[in-house]
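**Q** Can you keep this structure in mind? I'll have questions shortly.
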Amino acid sequence: MIVHFLKHGSSRQIIFYGLIIIISTYSNLFSQSVNGFVRESSSGEPISYANVFLSNTVLGAATTRDGYFVLSDIPPGKYVINVTMIGYSIFKEDIEINDSTSLRLDIRLKEEAIKASEVIVTAERQKFERAIESSQISLDLREINSAPAFIEPDVFRTLQMLPGVQASSDFSSALYVRGSTPDQNLIMLDGIAIYNPYHLGGIFSTFNTDAIKEADFHAGGFPARYGGRMGAILNIINREGNVNEIKGAANISLISSKILLEGPVPKYKGMKGSWMISGRRTYFDRIIKALKIPLNKNEDGSNNYFEFPYYFYDYQLKANLDINANHRLTYSRFYGDDVLYYDFDETDNYSDSNVNVKQDFQFGIDWPWGNKTNGLTWRWIMSPELISKTFISNSYYRFNFNLGFDQKNTYTYSDSAIAVFQNIDYSVFDKINDNTIETEITWKADDRHEITGGFQFKDVSYDLGIGIGIETQDTVFNFSPLNLKNKTRETSLYVQDKISYSDKLKLQLGFRATDYNLHNKIYMDPRIGIKYHYNSDLALKLNWGIYHQFLTTANNQDENLRLVELWMGIPADKDASVSQHFISGIEYMSPKNIFYRLELYNKSFDNLLTVKQDNPNTIEEGTSDSTINEFWDTKGNSWGVEFLLKKSSGKINGWLGYTYAEANYYNEPSGWHHPNFDRTHTVNIVANYDLTPEIQTNFGLTMSSGNPYTKIMGRVYDWQQSLDSDTYWYPVDSYIIGDKNTERYNDYFRIDIGMTRKKGNLFGVNYDTYWQIMNVTRHLNILSYAYRTKIDPLTGNRTGVERRAIPMFPLIITFGIKFDF
């Protein structure tokens with residue numbers, strides 16, 4: 001990867017870093033500034049969006065996600081620097097600025113209750129005042145844990161409670177954002193792309209919430225630094241680790257156990273740092289094994305015990321090393337696996353007067369899938385106003401499904417023995433190997449300009465295929481009906497200028513250019529953001545942009561349950577998928593720090609690839625013409641109105657969201673139709689209430705229109721002619737189905753409640769206990785319908801088609817306990 005970078009990217013690299021050196025030199029010669037980091041005193045974690053300002057001046061700034069701030073162009077003199085953040089004590093310190101040096105500070109804030117009159121600004125207000133992008137929201141660990149959870153808190157489940165984000169069903173944590181499918185979302189962990197971020201067939205995300213510091217989510221209109229996707233952006237930022245002492249936490253729920261450890265890196269020659277590691281594993285398989293539930297007897301008389309065939313595990317690691325005040329290295333790793341293994345072995349014997357027959361039958365499933373990532377980031381503070389981040393990463397995803405049937409019959413006669421056997425092996429595999437290197441430069445040119453630019457090289461190898469092997473005593477047959485291998489490369493350059501023309505008007509102009517190696521063209525993605533402050537509490541926003549995507553999934557779009565994503569690069573004979581976003585909105589931050597947002601969006605999609613599916617008019621029983629290597633060219637559009645009310649502090653906090661949305665897709669066989677995840681109306685409410693200092697309750701409500709489905713109108717009984725058999729006519733039994741997705745399931749409704757009791761103590765270890773109840777009202781939400789032929793019990797004649805609803809989550813009660821040590 002690096003050899004390729006040096007060979008093909010050296011000229012761009014020289015020009016790029018030449019500009020950096022010139023800018024850095026200019027910044028060092030003419031700038032007097034105060035800069036540094038704001039961190040928690042107890043752990044050393046960076047504090048985002050803290051307010052930093054100099055008393056009796058107009059000079060101020062907010063800290064970045066890294067906790068970094070810079071106040072530039074300060075006249076020489078003596079000042080008092082102030083740092084405020086809700087939940088922390090106010091920091092004040094006398095400083096002095098001279099003509100030739102910049103002052104670097106490392107500020108620690110102590111957690112402390114602050115009187116309301118002393119709270120100058122909160123993180124929510126800082127985001128409101130400074131963010132130009134529409135449709136962006138950041139959730140911290142407290143907010144991720146605020147929604148009632150299925151078994152345990154999950155960041156994807158919490159995001160599904162936001163406006164514009166929809167779920168296909170209770171059994172999926174995948175994110176359908178504003179008419180986009182999950183494969184159109186860029187999911188990252190510490191900046192590393194994750195290709196299948198789910199456990200247990202999508203019910204859980206792969207991210208352990210205990211390790212998360214913040215989830216940065218863009219539902220649309222995202223900035224130029226993000227490319228290669230056209231739906232939404234989710235970047236999960238893990239905690240950095242405690243720089244002061246070794247601490248830990250453990251969590252035991254009904255399905256899994258989790259542990260987190262963090263602590264400082266030993267200081268050496270001025271270098272210091274921190275580390276964090278967390279791990280999780282389900283244990284149903286271990287519990288079932290320990291219970292020793294007997295199934296039957298083996299031939300030798302021993303018991304055959306039931307074994308649970310599935311488990312998943314994951315772990316996350318992050319380590320930071322501050323080489324000196326200006327250079328930091330950060331290593332991030334994730335490893336997660338789902339393992340489904342089941343085998344069945346049965347032997348049967350019988351005999352008559354002529355022959356003894358021994359039947360051996362074996363059946364097995366070996367199905368592992370998961371992700372492995374490694375990333376290394378070098379942050380270089382070239383000057384107080386100029387920061388470079390260089391990032392190298394590898395993301396590896398593999399899915400390998402193996403199914404085997406082995407059957408052997410041995411016939412023993414008085415004078416001979418004959419063995420007849422048949423072995424069938426079936427496999428589906430998908431492997432992705434993503435190697436990425438990128439550099440991003442952020443230059444605060446002055447108080448009104450913040451320029452960001454960078455380049456990215458992404459090499460991705462795809463290996464998708466199907467293998468079938470059949471062996472008998474006479475023949476051996478191996479067949480590969482699908483074998484798709486390709487290697488893609490995306491070379492991207494981007495630049496963005498965040499301009500403050502005045503206190504009222506702000507612009508964000510961005511441009512991204514991408515060279516995709518399978519296509520002989522450069523893809524251009526311009527992006528524009530405008531924000532106008534009508535007053536200090538009310539702002540208008542407008543965002544527009546073009547977004548290209550260079551990969552897709554080979555999954556059936558109409559799947560109600562999607563266990564895994566089957567990825568592939570956009571082929572050379574297909575154009576890159578493209579979407580255009582147009583978003584307008586109004587935001588209001590009340591004096592009591594209650595945030596209101598109303599947005600209108602419109603998105604278009606073109607050059608989508610939809611896997612060819614079953615015949616849209618009739619489906620014969622036992623037949624299918626589905627494939628995963630032939631596609632319909634598809635286009636689409638979506639639009640909607642979203643409202644969000646969010647209260648982040650106080651005894652009662654949470655949010656209310658409403659979405660009116662419509663999505664339409666078009667391809668040749670189906671015409672214009674709603675995709676199966678489209679929901680017209682959606683209302684979400686998430687609320688937390690501190691009943692006492694020790695008891696916290698939470699509440700979640702979701703109401704929405706039903707998902708679309710294709711109605712089965714009836715059955716046809718007919719005869720068809722076959723000239724290849726002795727019987728020229730044979731009966732055909734098939735369904736008649738209506739137009740695609742013109743019917744909808746009943747409206748969706750679910751209420752979840754939870755309670756957490758804090759400050760317990762067991763043998764000197766603090767612990768919290770929590771309870772969750774899902775679907776309190778036991779409302780029947782329909783996943784799909786199962787159809788079968790209706791038969792008259794008296795005559796035995798077929799009289800039509802009857803259907804049965806397949807439900808989603810019933811009433812579910814879960815509990816768990818969390819320890820801190």
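Residues are named by chain letter and number: chains run A, B, ... in the order of the structure tokens, numbers start at 1 in each chain, and ligands are numbered from 1 in the order shown.
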Run DSSP on the backbone and tell me which residues of region 136-179 of chain A come out as helix (DSSP H, G or I); list them as a PyMOL selection string.
**A** chain A and resi 141-144+155-159
**Q** Show me, as a ChimeraX atom specification, the residues that have an atom within 7 Å of Asp406 (chain A) when counting only C-alpha atoms, minus same-chain residues fewer than 2 positions from it.
**A** /A:361-363,404,408,422-424
**Q** Might you pull out every residue within 7 Å of Trp367 (chain A), with only C-alpha atoms counted and same-chain residues fewer than 5 positions away left off, and present them as a list in words?
**A**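 Here the answer would be Val339, Leu340, Tyr341, Asn400, Phe401 and Asn402 of chain A.
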**Q** May I have a table of the residues of region 147-175 of chain A lying at most 9 Å from region 782-792 of chain A, giving each one's closest pair of atoms and their distance in Å to one decimal, counting only C-alpha atoms, ordered by chain and ascending residue number, as a tab-separated table?
**A**
```
residue	atom	partner	partner_atom	distance
A:Ser168	CA	A:Leu783	CA	8.8
A:Ser169	CA	A:Leu783	CA	6.6
A:Asp170	CA	A:Leu783	CA	8.3
A:Phe171	CA	A:Leu783	CA	9.0
```
**Q** Taking into account only C-alpha atoms, which residue in the set A:Ala147, A:Leu509, A:Leu105, A:Ile392 is nearest to Tyr689 (chain A)?
**A** A:Ala147
**Q** Pick the closest to Pro526 (chain A) from A:Glu587, A:Pro223, A:Phe809, A:Lys292: which is it, counting only C-alpha atoms?
**A**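 Checking each of A:Glu587, A:Pro223, A:Phe809, A:Lys292 against Pro526 (chain A), counting only C-alpha atoms, the winner is A:Pro223.
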**Q** Ranking A:Lys646, A:Val495, A:Ile365, A:Asn196 by minimum distance to Ile137 (chain A) and counting only C-alpha atoms, which one comes first?
**A**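 Under the stated criterion, the closest residue is A:Lys646.
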**Q** Which of these, A:Ser138, A:Ser205, A:Ser461, A:Ser274, has the shortest distance to Leu162 (chain A) once you count only C-alpha atoms?
**A** A:Ser138
**Q** Taking only C-alpha atoms into account, name the residue in A:Ser180, A:Tyr313, A:Lys213, A:Gly36 that is nearest to Lys635 (chain A).
**A**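 Checking each candidate against Lys635 (chain A), we get A:Ser180 as the closest.
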**Q** Need to verify the contact set: Arg489 (chain A), 9 Å, only C-alpha atoms, exclusion of same-chain residues closer than 2 positions in sequence. Can you return it as a list in words?
**A** Phe457, Lys458, Asp459, Val460, Ser461, Lys487, Thr491, Asp515, Tyr516, Asn517 and Leu518 of chain A
**Q** Report as an MDAnalysis selection string all protein, DNA and RNA residues lying within 7 Å of Gln549 (chain A), evaluated on only C-alpha atoms, omitting residues in the same chain fewer than 6 positions from it.
**A** chainID A and resid 228:230 576:578
**Q** Write to file, as a tab-separated table (two decimals), in the first residue's frame, the residues of the selection just made, with all heavy atoms.
**A**
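selection13.tsv, freshly written:
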```
chain	number	residue	atom	x	y	z
A	228	GLY	N	-17.21	8.54	-0.80
A	228	GLY	CA	-17.40	7.13	-1.08
A	228	GLY	C	-18.73	6.57	-0.64
A	228	GLY	O	-19.01	5.40	-0.87
A	229	ARG	N	-19.56	7.37	0.00
A	229	ARG	CA	-20.92	6.97	0.38
A	229	ARG	C	-21.86	8.13	0.09
A	229	ARG	O	-21.46	9.29	0.07
A	229	ARG	CB	-21.01	6.61	1.86
A	229	ARG	CG	-20.20	5.42	2.28
A	229	ARG	CD	-20.73	4.11	1.71
A	229	ARG	NE	-20.29	2.98	2.49
A	229	ARG	CZ	-19.08	2.45	2.45
A	229	ARG	NH1	-18.18	2.96	1.62
A	229	ARG	NH2	-18.76	1.42	3.21
A	230	MET	N	-23.16	7.79	-0.08
A	230	MET	CA	-24.11	8.83	-0.45
A	230	MET	C	-25.34	8.85	0.46
A	230	MET	O	-26.30	9.56	0.18
A	230	MET	CB	-24.56	8.64	-1.90
A	230	MET	CG	-25.19	7.30	-2.20
A	230	MET	SD	-25.49	7.12	-3.96
A	230	MET	CE	-26.35	5.53	-3.97
A	576	ALA	N	-20.79	4.78	-11.46
A	576	ALA	CA	-20.83	4.94	-10.01
A	576	ALA	C	-22.20	5.46	-9.58
A	576	ALA	O	-22.80	6.30	-10.26
A	576	ALA	CB	-19.74	5.90	-9.54
A	577	SER	N	-22.70	4.94	-8.47
A	577	SER	CA	-23.95	5.44	-7.94
A	577	SER	C	-23.77	6.89	-7.49
A	577	SER	O	-22.69	7.29	-7.03
A	577	SER	CB	-24.41	4.58	-6.75
A	577	SER	OG	-24.55	3.24	-7.13
A	578	VAL	N	-24.83	7.69	-7.60
A	578	VAL	CA	-24.73	9.10	-7.27
A	578	VAL	C	-26.03	9.58	-6.62
A	578	VAL	O	-27.11	9.09	-6.95
A	578	VAL	CB	-24.41	9.94	-8.53
A	578	VAL	CG1	-25.52	9.81	-9.57
A	578	VAL	CG2	-24.17	11.40	-8.18
```
**Q** Asp314 (chain A): which residues within 9 Å, counting only C-alpha atoms, same-chain residues fewer than 2 positions away excluded, as a list in words?
**A**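 With the cut-off at 9 Å, the set is Thr206, Phe207, Asn208, Ser278, Gly279, Arg280, Arg281, Phe312, Gln316, Phe334, Tyr335, Gly336, Asp337 and Asp338 of chain A.
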**Q** From the list A:Thr330, A:Thr410, A:Ser670, A:Asn781, which residue is nearest Gly375 (chain A) when using only C-alpha atoms?
**A** A:Thr330
**Q** Please provide the set of residues having any atom within 6 Å of region 182-191 of chain A, restricted to only C-alpha atoms, with same-chain residues fewer than 2 positions apart removed, written as a ChimeraX atom specification.
**A** /A:175-176,193-194,229-237
**Q** What separation in Å, quoted to one decimal, exists between CA of Pro693 (chain A) and CA of Ile212 (chain A)?
**A** 24.5 Å
**Q** Would you work out the distance separating CA of Glu385 (chain A) from CA of Ala445 (chain A), expressed in Å to one decimal?
**A**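 Interatomic distance, CA of Glu385 (chain A) to CA of Ala445 (chain A): 7.0 Å.
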**Q** Suppose you want the space between CA of Lys574 (chain A) and CA of Tyr547 (chain A); what is it in Å?
**A**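 Between CA of Lys574 (chain A) and CA of Tyr547 (chain A) the gap works out to 16.4 Å.
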